[in-house]
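Okay, structure first, notes after.
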Amino acid sequence: MSEILNPAKMNRKKKMIIIAGLVAVILCVLINQLWAYIGLVVILLLFLLNLHVFNKNRFWACNINNLNVIGRNYDTLVIGEPISKETISLDNNKYIFITCPGRSMGASIILAYRLFSLLHSGGTLILAYHKAGEKISSLDIPYIHDVTLFEKNIKRKKEYFPLFLNPIQSLKLVMGVTHHHAKATKNVNKLEDFCKSREIKLLTYKV
């Protein structure tokens, strides 16, 4: 089972965080200096912001198999960079966005192979990208299968520190940065063949 869904491991992590917090508070009291209290506040704020980014980013990943939360049979699935629905003319279709600032084309393709089943037959998969590379960030990890992470030698534990590993992406996620301009571009052949075999229409946009 993926570590992200393992309650025992999550409980241990929570206990360790609480203990570390108590130790930090005790040290501040013992030192009893202004800089120590300021440092503690800064660390606490960074920790809370990191936790917010972590939870916000992994929401869909945690509920991907929960039909009551995420559902199925969407008309349109958008993966990649955040892009406004007006830009890609979604109108009143049933759609779902699983996007993140700075998501590379390579990471988006991996997610597409994992999430295409959210669409009904005849649905549309939209990839929106700015960077055409293969980089997988800490914000992509919650959506990627353990086998894929192992093949790419990526540690799952990196997903717990998005603010520190990918600060710009994390801050854009918190601020809700969305692209309002996009240009249709050529589809990736391999993914296009994959979609055609499943009666899914593929559209690719560069933002």
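A note on labels: chains of the structure tokens are A, B, ... as shown, every chain counts residues from 1, and ligands are counted from 1 in their shown order.
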
Enumerate, as a ChimeraX atom specification, the complete set of residues in range 79-204 of chain A that a backbone-based DSSP assignment places in alpha helix (DSSP H).
/A:105-115,146-151,162-165,167-175,189-196

For Gly21 in chain A, please output as a PDB file with N, CA, C and O atoms, in the first residue's frame all residues within 12 Å (counting only C-alpha atoms; exclusion window: fewer than 4 positions along the same chain).
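Output saved as result-v3.pdb:
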```pdb
ATOM      1  N   LYS A  14       2.784  12.046  12.810  1.00  0.00           N
ATOM      2  CA  LYS A  14       2.127  13.086  13.608  1.00  0.00           C
ATOM      3  C   LYS A  14       2.721  13.143  15.011  1.00  0.00           C
ATOM      4  O   LYS A  14       2.943  14.225  15.562  1.00  0.00           O
ATOM      5  N   LYS A  15       2.974  11.975  15.595  1.00  0.00           N
ATOM      6  CA  LYS A  15       3.565  11.936  16.933  1.00  0.00           C
ATOM      7  C   LYS A  15       4.960  12.549  16.934  1.00  0.00           C
ATOM      8  O   LYS A  15       5.323  13.299  17.849  1.00  0.00           O
ATOM      9  N   MET A  16       5.740  12.241  15.897  1.00  0.00           N
ATOM     10  CA  MET A  16       7.091  12.789  15.803  1.00  0.00           C
ATOM     11  C   MET A  16       7.056  14.306  15.656  1.00  0.00           C
ATOM     12  O   MET A  16       7.874  15.024  16.243  1.00  0.00           O
ATOM     13  N   ILE A  17       6.091  14.802  14.881  1.00  0.00           N
ATOM     14  CA  ILE A  17       5.958  16.250  14.686  1.00  0.00           C
ATOM     15  C   ILE A  17       5.591  16.937  15.998  1.00  0.00           C
ATOM     16  O   ILE A  17       6.136  17.989  16.347  1.00  0.00           O
ATOM     17  N   VAL A  25       9.652  24.256  21.607  1.00  0.00           N
ATOM     18  CA  VAL A  25       9.077  25.219  22.555  1.00  0.00           C
ATOM     19  C   VAL A  25       9.881  25.245  23.854  1.00  0.00           C
ATOM     20  O   VAL A  25      10.188  26.316  24.398  1.00  0.00           O
ATOM     21  N   ILE A  26      10.234  24.074  24.348  1.00  0.00           N
ATOM     22  CA  ILE A  26      11.014  23.987  25.593  1.00  0.00           C
ATOM     23  C   ILE A  26      12.371  24.670  25.435  1.00  0.00           C
ATOM     24  O   ILE A  26      12.824  25.411  26.318  1.00  0.00           O
ATOM     25  N   LEU A  27      13.016  24.448  24.283  1.00  0.00           N
ATOM     26  CA  LEU A  27      14.311  25.074  24.024  1.00  0.00           C
ATOM     27  C   LEU A  27      14.190  26.597  23.997  1.00  0.00           C
ATOM     28  O   LEU A  27      15.050  27.312  24.530  1.00  0.00           O
ATOM     29  N   CYS A  28      13.105  27.080  23.384  1.00  0.00           N
ATOM     30  CA  CYS A  28      12.889  28.531  23.321  1.00  0.00           C
ATOM     31  C   CYS A  28      12.721  29.119  24.723  1.00  0.00           C
ATOM     32  O   CYS A  28      13.251  30.187  25.040  1.00  0.00           O
ATOM     33  N   LEU A  40      11.190  30.450  16.121  1.00  0.00           N
ATOM     34  CA  LEU A  40      10.149  29.435  16.305  1.00  0.00           C
ATOM     35  C   LEU A  40       8.893  29.794  15.515  1.00  0.00           C
ATOM     36  O   LEU A  40       8.287  28.930  14.872  1.00  0.00           O
ATOM     37  N   VAL A  41       8.527  31.078  15.546  1.00  0.00           N
ATOM     38  CA  VAL A  41       7.340  31.526  14.808  1.00  0.00           C
ATOM     39  C   VAL A  41       7.533  31.335  13.306  1.00  0.00           C
ATOM     40  O   VAL A  41       6.631  30.862  12.603  1.00  0.00           O
ATOM     41  N   ILE A  43       9.550  29.210  11.766  1.00  0.00           N
ATOM     42  CA  ILE A  43       9.536  27.773  11.475  1.00  0.00           C
ATOM     43  C   ILE A  43       8.108  27.232  11.494  1.00  0.00           C
ATOM     44  O   ILE A  43       7.709  26.437  10.635  1.00  0.00           O
ATOM     45  N   LEU A  44       7.324  27.690  12.466  1.00  0.00           N
ATOM     46  CA  LEU A  44       5.933  27.243  12.574  1.00  0.00           C
ATOM     47  C   LEU A  44       5.123  27.674  11.353  1.00  0.00           C
ATOM     48  O   LEU A  44       4.350  26.882  10.799  1.00  0.00           O
ATOM     49  N   PHE A  47       6.118  25.607   8.395  1.00  0.00           N
ATOM     50  CA  PHE A  47       5.572  24.258   8.540  1.00  0.00           C
ATOM     51  C   PHE A  47       4.089  24.234   8.171  1.00  0.00           C
ATOM     52  O   PHE A  47       3.625  23.347   7.443  1.00  0.00           O
TER      53      PHE A  47
END
```

Quick one, how far is CA of Thr148 in chain A from CA of Ile110 in chain A?
8.7 Å

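Running DSSP on the backbone and keeping only strand (DSSP E or B), the residues of range 11-162 of chain A that qualify are A:Tyr74, A:Asp75, A:Thr76, A:Leu77, A:Val78, A:Ile79, A:Gly80, A:Ile83, A:Tyr95, A:Ile96, A:Phe97, A:Ile98, A:Thr99, A:Leu119, A:His120, A:Ser121, A:Gly122, A:Gly123, A:Thr124, A:Leu125, A:Ile126, A:Leu127, A:Ala128, A:Tyr129.
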
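Contact shell of Ile70 in chain A at 9 Å (only C-alpha atoms; same-chain neighbours under 5 positions omitted): Trp60, Asn63, Ile64, Asn65, Ile96 and Leu118 of chain A.
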
Next, the residues of the selection above should be written as a compact mmCIF listing (two decimals), in the first residue's frame with C-alpha atoms.
```txt
# COMPACT_ATOMS: atom_id res chain seq x y z
CA TRP A 60 -7.56 14.43 -5.71
CA ASN A 63 -9.80 10.51 -3.36
CA ILE A 64 -9.07 9.13 -6.81
CA ASN A 65 -10.92 5.88 -6.02
CA ILE A 96 -12.30 17.97 -13.71
CA LEU A 118 -12.04 9.33 -15.04
```
